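Below is one structure, written out as structure tokens; comments come after it.
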Amino acid sequence: MSGYNFAYLDEQTKRMLRRALLKALAIPGYQVPFASREMPMPYGWGTGGVQVTAACLTPQDRLKVIDQGADDTTNAVSIRRFFERTAGVATTTSTAEATVIQTRHRIPEQPLQEGQILVYQVPIPEPLRFLEPRETETRRMHELEDYGLMHVKLYEDIARHGEIATAYAYPVKVGGRYVMDPSPIPKFDNPKLNGNPAIQLFGAGRECRIYALPPYTEVVPLDFEDHPFRPGRADHSCALCGAQESYLDELITDDRGTRLYCCSDTDFCASRQAPSATEA
Amino acid sequence: MTRLTGGFIDPATEAATGFRAVLEAMARPGRIFDVTGAAPPAPLSVAAGVVLLTLCDHETPLFLAGRYDCAEVRAWIAFHCGAPFAAPEAAAFALGDWQDLQPVSRFRAGEPAYPDRSATLLVERSALAAQGHRLSGPGIRDHALLNLPETAAFQVNHARFPLGFDVIFTAGAQLAALPRSTRTEAL
């Protein structure tokens with residue numbers, strides 16, 4: 001830990017981040033611009049999430065980092081080690097024991113509690129960006145609450161595919177005001193955004209935006225009366241733990257198209273396997 | 001020499017702990033949190049000192065109202081935060097008793113395209129208690145209770161959401177927050 005300030009960033013940077021985080025909580029779903037710093041990892045590897053985590057961490061925290069639900073993938077391991085070295089905080093893979101969880105593209109299966117903070121890594125914070133490339137225009141659309149274009153996009157999905165084909169980064173409306181990109185989580189996870197007891201913070205490093213969901217905030221996926229939102233999941237059970245309710249990864253196991261489905265949340269899956277292992 | 005003392009002894013970790021309380025307070029309006037670490041000169045409370053040390057620096061114009069606009073407080077803030085003192089219309093933070101901050105309509109409420117460019121008011125109270133006003137909105141499961149200095153100004157502030165100012169109430173070593181997103185009613 002010597003040679004670094006606590007949690008890597010200097011204090012002035014943390015104050016800037018902290019002021020942005022407070023405004024983000026005061027205006028749920030609104031993207032607050034912030035002065036994103038260069039981090040010792042490339043953009044696209046979670047620099048926004050890392051800066052938000054660094055601004056929130058205290059020495060007493062227990063940090064969990066997941067990448068698509070897994071604690072043991074490259075991105076998760078390297079970010080966890082980064083904070084072990086620069087903040088000296090304890091780390092864990094257990095969702096229940098963690099006080100701060102940084103995540104790439106998943107919400108843990110186990111329900112979160114008050115006192116926990118979930119930090120999302122966000123690649124493109126602007127939900128309207130692929131519909132309107134100009135920042136000046138999307139900012140005006142948020143200002144005027146002009147979200148018709150997003151509904152046209154969802155309608156075109158239905159016209160072309162017979163259903164809303166958006167499967168991840170499914171747009172939501174926060175507190176009846178701002179349309180927000182929940183980061184590329186599967187739409188299976190969207191219901192967990194709504195009314196969550198934990199604080200949810202979103203950091204986009206390359207795009208220099210921070211936004212937030214306070215606990216117990218109303219978060220509604222955009223849909224139509226005749227095409228209501230449906231959280232999707234593969235119609236299988238986990239091959240490792242047998243879970244029927246969790247979000248599954250699809251693995252191809254040979255060159256003849258044999259597939260195996262298993263939980264994307266490694267902590268959830270391992271905790272379900274552990275009891276049966278002790279029985280045997 | 002009180003201006004040189006009373007800051008954080010270990011700034012990185014004490015600011016982190018202080019901010020965590022402020023973050024939880026802003027995320028859960030009305031809930032009261034304890035903070036420690038600052039020993040600012042009178043009339044500043046410990047909690048106000050912690051918030052100043054945690055959030056204010058040379059980038060945040062600060063307005064001091066009423067009895068807080070005194071030489072001791074100015075010198076302490078100048079040494080520990082380096083925040084420039086500003087008129088209320090230009091302030092990112094404003095500090096004082098509620099009656100001295102009036103009229104609160106003069107503080108920055110942000111712009112329609114940038115509602116985050118708004119003031120945060122640090123309002124010193126004699127005590128914080130879960131009574132008097134009912135709060136509801138984001139961050140609150142059913143409702144929360146907090147003693148507010150008045151009702152109308154906060155209802156007006158909420159009515160212009162997403163514009164508005166946000167408030168951190170401080171008393172002794174305690175703080176609670178009232179962001180613009182919170183609905184308030186007197187009981």
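Ordering of the structure tokens sets the chain letters (A, B, ...); residue numbers start at 1 within each chain; ligands are numbered from 1 in the order shown.
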
**OP:** Check every residue of chain B for an atom within 7 Å of chain A, counting only C-alpha atoms, and provide those that qualify as a count of residues only.
**Re:** 21

Original post:
Counting only C-alpha atoms, what is within 8 Å of range 117-125 of chain B, bar same-chain residues fewer than 2 positions away, as a list in words?
Top reply: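 In the requested format, the answer is Ser45, Ala48, Ala91, Ala92, Phe93, Ala94, Leu95, Gly96, Asp97, Trp98, Phe107, Arg108, Ala109, Gly110, Glu111, Tyr114, Pro115, Ala127, Leu128, Leu163, Gly164, Phe165, Asp166, Val167, Ile168, Phe169, Thr170 and Ala171 of chain B.
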
Mind dumping the selected residues with N, CA and C atoms as a PDB file, in the first residue's frame?
```pdb
ATOM      1  N   SER B  45     -20.452  23.144  13.713  1.00  0.00           N
ATOM      2  CA  SER B  45     -20.616  21.854  14.372  1.00  0.00           C
ATOM      3  C   SER B  45     -19.581  20.874  13.844  1.00  0.00           C
ATOM      4  N   ALA B  48     -20.759  19.618  10.418  1.00  0.00           N
ATOM      5  CA  ALA B  48     -20.520  20.586   9.345  1.00  0.00           C
ATOM      6  C   ALA B  48     -19.043  20.612   8.977  1.00  0.00           C
ATOM      7  N   ALA B  91     -22.630  30.291  -5.415  1.00  0.00           N
ATOM      8  CA  ALA B  91     -22.069  29.297  -4.507  1.00  0.00           C
ATOM      9  C   ALA B  91     -22.432  27.877  -4.912  1.00  0.00           C
ATOM     10  N   ALA B  92     -21.451  26.955  -4.767  1.00  0.00           N
ATOM     11  CA  ALA B  92     -21.721  25.528  -4.909  1.00  0.00           C
ATOM     12  C   ALA B  92     -22.189  24.955  -3.576  1.00  0.00           C
ATOM     13  N   PHE B  93     -21.661  25.526  -2.498  1.00  0.00           N
ATOM     14  CA  PHE B  93     -22.099  25.161  -1.155  1.00  0.00           C
ATOM     15  C   PHE B  93     -22.455  26.433  -0.399  1.00  0.00           C
ATOM     16  N   ALA B  94     -23.471  26.335   0.469  1.00  0.00           N
ATOM     17  CA  ALA B  94     -23.832  27.460   1.334  1.00  0.00           C
ATOM     18  C   ALA B  94     -23.999  26.917   2.742  1.00  0.00           C
ATOM     19  N   LEU B  95     -23.473  27.660   3.704  1.00  0.00           N
ATOM     20  CA  LEU B  95     -23.458  27.172   5.084  1.00  0.00           C
ATOM     21  C   LEU B  95     -24.082  28.216   5.996  1.00  0.00           C
ATOM     22  N   GLY B  96     -25.008  27.777   6.857  1.00  0.00           N
ATOM     23  CA  GLY B  96     -25.570  28.717   7.815  1.00  0.00           C
ATOM     24  C   GLY B  96     -26.799  28.156   8.503  1.00  0.00           C
ATOM     25  N   ASP B  97     -27.390  28.995   9.380  1.00  0.00           N
ATOM     26  CA  ASP B  97     -28.682  28.655   9.960  1.00  0.00           C
ATOM     27  C   ASP B  97     -29.748  28.900   8.894  1.00  0.00           C
ATOM     28  N   TRP B  98     -30.878  28.202   9.026  1.00  0.00           N
ATOM     29  CA  TRP B  98     -31.915  28.271   7.995  1.00  0.00           C
ATOM     30  C   TRP B  98     -32.385  29.702   7.758  1.00  0.00           C
ATOM     31  N   PHE B 107     -30.354  30.570  -4.487  1.00  0.00           N
ATOM     32  CA  PHE B 107     -29.271  29.612  -4.716  1.00  0.00           C
ATOM     33  C   PHE B 107     -29.450  28.905  -6.047  1.00  0.00           C
ATOM     34  N   ARG B 108     -28.325  28.484  -6.627  1.00  0.00           N
ATOM     35  CA  ARG B 108     -28.352  27.842  -7.939  1.00  0.00           C
ATOM     36  C   ARG B 108     -29.168  26.562  -7.901  1.00  0.00           C
ATOM     37  N   ALA B 109     -30.082  26.408  -8.853  1.00  0.00           N
ATOM     38  CA  ALA B 109     -30.937  25.222  -8.926  1.00  0.00           C
ATOM     39  C   ALA B 109     -30.576  24.356 -10.126  1.00  0.00           C
ATOM     40  N   GLY B 110     -29.485  24.697 -10.817  1.00  0.00           N
ATOM     41  CA  GLY B 110     -29.111  23.955 -12.023  1.00  0.00           C
ATOM     42  C   GLY B 110     -29.838  24.487 -13.236  1.00  0.00           C
ATOM     43  N   GLU B 111     -29.481  23.923 -14.393  1.00  0.00           N
ATOM     44  CA  GLU B 111     -30.148  24.291 -15.642  1.00  0.00           C
ATOM     45  C   GLU B 111     -30.912  23.073 -16.148  1.00  0.00           C
ATOM     46  N   TYR B 114     -28.593  20.673 -17.391  1.00  0.00           N
ATOM     47  CA  TYR B 114     -27.580  20.289 -16.412  1.00  0.00           C
ATOM     48  C   TYR B 114     -28.086  20.544 -14.985  1.00  0.00           C
ATOM     49  N   PRO B 115     -29.065  19.746 -14.536  1.00  0.00           N
ATOM     50  CA  PRO B 115     -29.605  19.989 -13.190  1.00  0.00           C
ATOM     51  C   PRO B 115     -28.601  19.740 -12.064  1.00  0.00           C
ATOM     52  N   ALA B 127     -30.773  20.481  16.775  1.00  0.00           N
ATOM     53  CA  ALA B 127     -30.872  19.029  16.972  1.00  0.00           C
ATOM     54  C   ALA B 127     -31.586  18.408  15.785  1.00  0.00           C
ATOM     55  N   LEU B 128     -31.272  17.156  15.499  1.00  0.00           N
ATOM     56  CA  LEU B 128     -31.982  16.394  14.472  1.00  0.00           C
ATOM     57  C   LEU B 128     -32.824  15.334  15.180  1.00  0.00           C
ATOM     58  N   LEU B 163     -34.769  20.293 -11.334  1.00  0.00           N
ATOM     59  CA  LEU B 163     -34.008  21.427 -10.810  1.00  0.00           C
ATOM     60  C   LEU B 163     -34.178  21.471  -9.290  1.00  0.00           C
ATOM     61  N   GLY B 164     -33.318  22.241  -8.643  1.00  0.00           N
ATOM     62  CA  GLY B 164     -33.460  22.419  -7.204  1.00  0.00           C
ATOM     63  C   GLY B 164     -32.134  22.327  -6.489  1.00  0.00           C
ATOM     64  N   PHE B 165     -32.132  22.706  -5.209  1.00  0.00           N
ATOM     65  CA  PHE B 165     -30.934  22.550  -4.383  1.00  0.00           C
ATOM     66  C   PHE B 165     -31.113  21.320  -3.504  1.00  0.00           C
ATOM     67  N   ASP B 166     -30.010  20.838  -2.957  1.00  0.00           N
ATOM     68  CA  ASP B 166     -30.050  19.705  -2.039  1.00  0.00           C
ATOM     69  C   ASP B 166     -29.543  20.188  -0.681  1.00  0.00           C
ATOM     70  N   VAL B 167     -30.039  19.571   0.371  1.00  0.00           N
ATOM     71  CA  VAL B 167     -29.742  20.065   1.722  1.00  0.00           C
ATOM     72  C   VAL B 167     -29.107  18.967   2.561  1.00  0.00           C
ATOM     73  N   ILE B 168     -28.058  19.339   3.293  1.00  0.00           N
ATOM     74  CA  ILE B 168     -27.522  18.465   4.337  1.00  0.00           C
ATOM     75  C   ILE B 168     -27.719  19.202   5.661  1.00  0.00           C
ATOM     76  N   PHE B 169     -28.508  18.616   6.564  1.00  0.00           N
ATOM     77  CA  PHE B 169     -28.713  19.193   7.896  1.00  0.00           C
ATOM     78  C   PHE B 169     -27.644  18.644   8.832  1.00  0.00           C
ATOM     79  N   THR B 170     -27.068  19.537   9.633  1.00  0.00           N
ATOM     80  CA  THR B 170     -26.055  19.109  10.582  1.00  0.00           C
ATOM     81  C   THR B 170     -26.410  19.620  11.970  1.00  0.00           C
ATOM     82  N   ALA B 171     -26.151  18.804  12.987  1.00  0.00           N
ATOM     83  CA  ALA B 171     -26.344  19.211  14.384  1.00  0.00           C
ATOM     84  C   ALA B 171     -25.370  18.422  15.227  1.00  0.00           C
TER      85      ALA B 171
END
```

Original post:
Near Ala75 in chain B, counting only C-alpha atoms, which residues have an atom at most 12 Å away, once you skip same-chain residues fewer than 2 positions from it, shown as a list in words?
Top reply: Met1, Thr2, Arg3, Leu4, Thr5, Pro40, Pro41, Tyr68, Asp69, Cys70, Ala71, Glu72, Val73, Ile77, Ala78, Phe79, His80, Cys81, Gly82, Ala83, Pro84 and Phe85 of chain B

Original post:
Where in range 2-178 of chain B does DSSP assign strand (DSSP E or B), given as a PyMOL selection string?
Top reply: chain B and resi 33-34+62-64+85+93-97+109-111+114-118+120-124+133-136+144-146+166-171+174-178

Original post:
Can you list, as a ChimeraX atom specification, every residue of range 83-123 of chain B that DSSP puts in alpha helix (DSSP H)?
Top reply: /B:98-101

Save out the residues we just selected, all heavy atoms, as a tab-separated table (two decimals), in the first residue's frame.
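As written to disk, again.tsv reads:
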```
chain	number	residue	atom	x	y	z
B	98	TRP	N	-30.88	28.20	9.03
B	98	TRP	CA	-31.92	28.27	8.00
B	98	TRP	C	-32.38	29.70	7.76
B	98	TRP	O	-32.50	30.15	6.60
B	98	TRP	CB	-33.09	27.35	8.37
B	98	TRP	CG	-34.18	27.34	7.35
B	98	TRP	CD1	-35.43	27.82	7.50
B	98	TRP	CD2	-34.11	26.82	6.01
B	98	TRP	NE1	-36.16	27.64	6.35
B	98	TRP	CE2	-35.37	27.02	5.42
B	98	TRP	CE3	-33.10	26.20	5.27
B	98	TRP	CZ2	-35.65	26.63	4.11
B	98	TRP	CZ3	-33.38	25.82	3.96
B	98	TRP	CH2	-34.64	26.04	3.40
B	99	GLN	N	-32.65	30.46	8.84
B	99	GLN	CA	-33.20	31.80	8.65
B	99	GLN	C	-32.18	32.73	7.98
B	99	GLN	O	-32.55	33.64	7.24
B	99	GLN	CB	-33.69	32.40	9.98
B	99	GLN	CG	-32.63	32.72	11.00
B	99	GLN	CD	-32.32	31.53	11.91
B	99	GLN	OE1	-32.70	30.40	11.61
B	99	GLN	NE2	-31.64	31.78	13.02
B	100	ASP	N	-30.89	32.48	8.19
B	100	ASP	CA	-29.87	33.35	7.58
B	100	ASP	C	-29.65	33.02	6.11
B	100	ASP	O	-29.04	33.81	5.39
B	100	ASP	CB	-28.54	33.21	8.34
B	100	ASP	CG	-28.65	33.72	9.76
B	100	ASP	OD1	-29.45	34.67	9.97
B	100	ASP	OD2	-27.98	33.18	10.65
B	101	LEU	N	-30.09	31.84	5.67
B	101	LEU	CA	-29.91	31.46	4.27
B	101	LEU	C	-31.03	32.01	3.39
B	101	LEU	O	-30.96	31.94	2.17
B	101	LEU	CB	-29.87	29.93	4.13
B	101	LEU	CG	-28.62	29.25	4.70
B	101	LEU	CD1	-28.82	27.75	4.80
B	101	LEU	CD2	-27.39	29.56	3.84
```

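Here CA of Gly46 in chain A stands at a distance of 18.9 Å from CA of Ala98 in chain A.
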
Subject >> Using only C-alpha atoms: which of A:Val122, A:Ala274, A:Ile164, A:Leu222 has the shortest distance to Gln51 in chain A >> reply: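 Of all the options, A:Val122 lies closest to Gln51 in chain A.
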
Subject >> Test item: residues at most 10 Å from Gly37 in chain B, only C-alpha atoms, excluding those fewer than 6 positions along its chain, as a ChimeraX atom specification >> reply: /B:6-11,14-15,17-18,46-47,49-50,53,173

Residues of the last selection are to be written out with all heavy atoms, as a compact mmCIF listing (two decimals), in the first residue's frame.
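Wrote it out as part-v6.txt, contents follow:
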```
# COMPACT_ATOMS: atom_id res chain seq x y z
N GLY B 6 -7.80 20.96 14.14
CA GLY B 6 -9.21 20.59 13.96
C GLY B 6 -9.53 19.96 12.64
O GLY B 6 -10.69 19.67 12.34
N GLY B 7 -8.51 19.74 11.79
CA GLY B 7 -8.75 19.03 10.53
C GLY B 7 -8.65 17.53 10.74
O GLY B 7 -8.49 17.06 11.86
N PHE B 8 -8.76 16.79 9.64
CA PHE B 8 -8.59 15.34 9.74
C PHE B 8 -7.14 15.02 10.06
O PHE B 8 -6.21 15.64 9.51
CB PHE B 8 -8.97 14.67 8.41
CG PHE B 8 -10.44 14.66 8.12
CD1 PHE B 8 -10.90 14.80 6.81
CD2 PHE B 8 -11.38 14.52 9.14
CE1 PHE B 8 -12.26 14.78 6.52
CE2 PHE B 8 -12.74 14.49 8.85
CZ PHE B 8 -13.18 14.64 7.55
N ILE B 9 -6.91 14.04 10.94
CA ILE B 9 -5.55 13.61 11.26
C ILE B 9 -5.03 12.70 10.15
O ILE B 9 -3.89 12.80 9.73
CB ILE B 9 -5.53 12.90 12.63
CG1 ILE B 9 -5.86 13.94 13.72
CG2 ILE B 9 -4.17 12.26 12.89
CD1 ILE B 9 -6.27 13.36 15.04
N ASP B 10 -5.89 11.80 9.67
CA ASP B 10 -5.55 10.93 8.54
C ASP B 10 -6.56 11.23 7.43
O ASP B 10 -7.61 10.59 7.34
CB ASP B 10 -5.62 9.46 8.97
CG ASP B 10 -5.22 8.52 7.84
OD1 ASP B 10 -4.91 9.01 6.73
OD2 ASP B 10 -5.23 7.30 8.07
N PRO B 11 -6.28 12.25 6.59
CA PRO B 11 -7.32 12.77 5.68
C PRO B 11 -7.94 11.71 4.77
O PRO B 11 -9.15 11.69 4.57
CB PRO B 11 -6.57 13.82 4.86
CG PRO B 11 -5.42 14.21 5.70
CD PRO B 11 -5.03 12.98 6.47
N GLU B 14 -10.25 9.26 6.95
CA GLU B 14 -11.33 9.96 7.66
C GLU B 14 -12.30 10.61 6.68
O GLU B 14 -13.51 10.63 6.91
CB GLU B 14 -10.74 11.01 8.62
CG GLU B 14 -10.10 10.37 9.83
CD GLU B 14 -9.60 11.42 10.81
OE1 GLU B 14 -8.47 11.92 10.62
OE2 GLU B 14 -10.35 11.75 11.73
N ALA B 15 -11.79 11.11 5.55
CA ALA B 15 -12.69 11.64 4.53
C ALA B 15 -13.52 10.52 3.91
O ALA B 15 -14.69 10.70 3.60
CB ALA B 15 -11.88 12.37 3.44
N THR B 17 -14.50 7.72 5.42
CA THR B 17 -15.54 7.36 6.38
C THR B 17 -16.62 8.44 6.46
O THR B 17 -17.81 8.14 6.51
CB THR B 17 -14.91 7.14 7.77
OG1 THR B 17 -13.79 6.27 7.63
CG2 THR B 17 -15.91 6.52 8.73
N GLY B 18 -16.18 9.69 6.45
CA GLY B 18 -17.13 10.80 6.48
C GLY B 18 -18.01 10.81 5.24
O GLY B 18 -19.23 10.99 5.33
N VAL B 46 -19.38 19.79 14.59
CA VAL B 46 -18.47 18.73 14.14
C VAL B 46 -18.92 18.20 12.78
O VAL B 46 -18.11 18.02 11.86
CB VAL B 46 -18.45 17.58 15.18
CG1 VAL B 46 -17.71 16.36 14.63
CG2 VAL B 46 -17.80 18.04 16.47
N ALA B 47 -20.23 17.95 12.63
CA ALA B 47 -20.74 17.38 11.39
C ALA B 47 -20.52 18.33 10.21
O ALA B 47 -20.13 17.90 9.12
CB ALA B 47 -22.22 17.04 11.52
N GLY B 49 -18.19 20.50 9.98
CA GLY B 49 -16.75 20.44 9.73
C GLY B 49 -16.38 19.24 8.89
O GLY B 49 -15.59 19.34 7.95
N VAL B 50 -16.96 18.07 9.22
CA VAL B 50 -16.67 16.85 8.46
C VAL B 50 -17.11 17.01 7.01
O VAL B 50 -16.38 16.67 6.07
CB VAL B 50 -17.36 15.63 9.11
CG1 VAL B 50 -17.31 14.42 8.17
CG2 VAL B 50 -16.73 15.30 10.44
N LEU B 53 -14.71 19.38 5.15
CA LEU B 53 -13.41 18.75 4.87
C LEU B 53 -13.54 17.67 3.81
O LEU B 53 -12.60 17.41 3.05
CB LEU B 53 -12.84 18.13 6.15
CG LEU B 53 -12.42 19.11 7.26
CD1 LEU B 53 -12.05 18.34 8.51
CD2 LEU B 53 -11.27 19.98 6.80
N ALA B 173 -22.65 16.18 16.18
CA ALA B 173 -21.91 15.19 15.38
C ALA B 173 -22.85 14.36 14.52
O ALA B 173 -22.52 13.25 14.14
CB ALA B 173 -21.10 14.30 16.31
```

Original post:
Using only C-alpha atoms, which of the listed residues (A:Pro123, A:Gly3, A:Gly203, A:Pro186) sits closest to Arg37 in chain A?
Top reply: A:Gly203

Subject >> Near-Ala129 in chain B list (8 Å; only C-alpha atoms; drop same-chain fewer than 4 positions) as a PyMOL selection string >> reply: chain B and resi 32+145-147
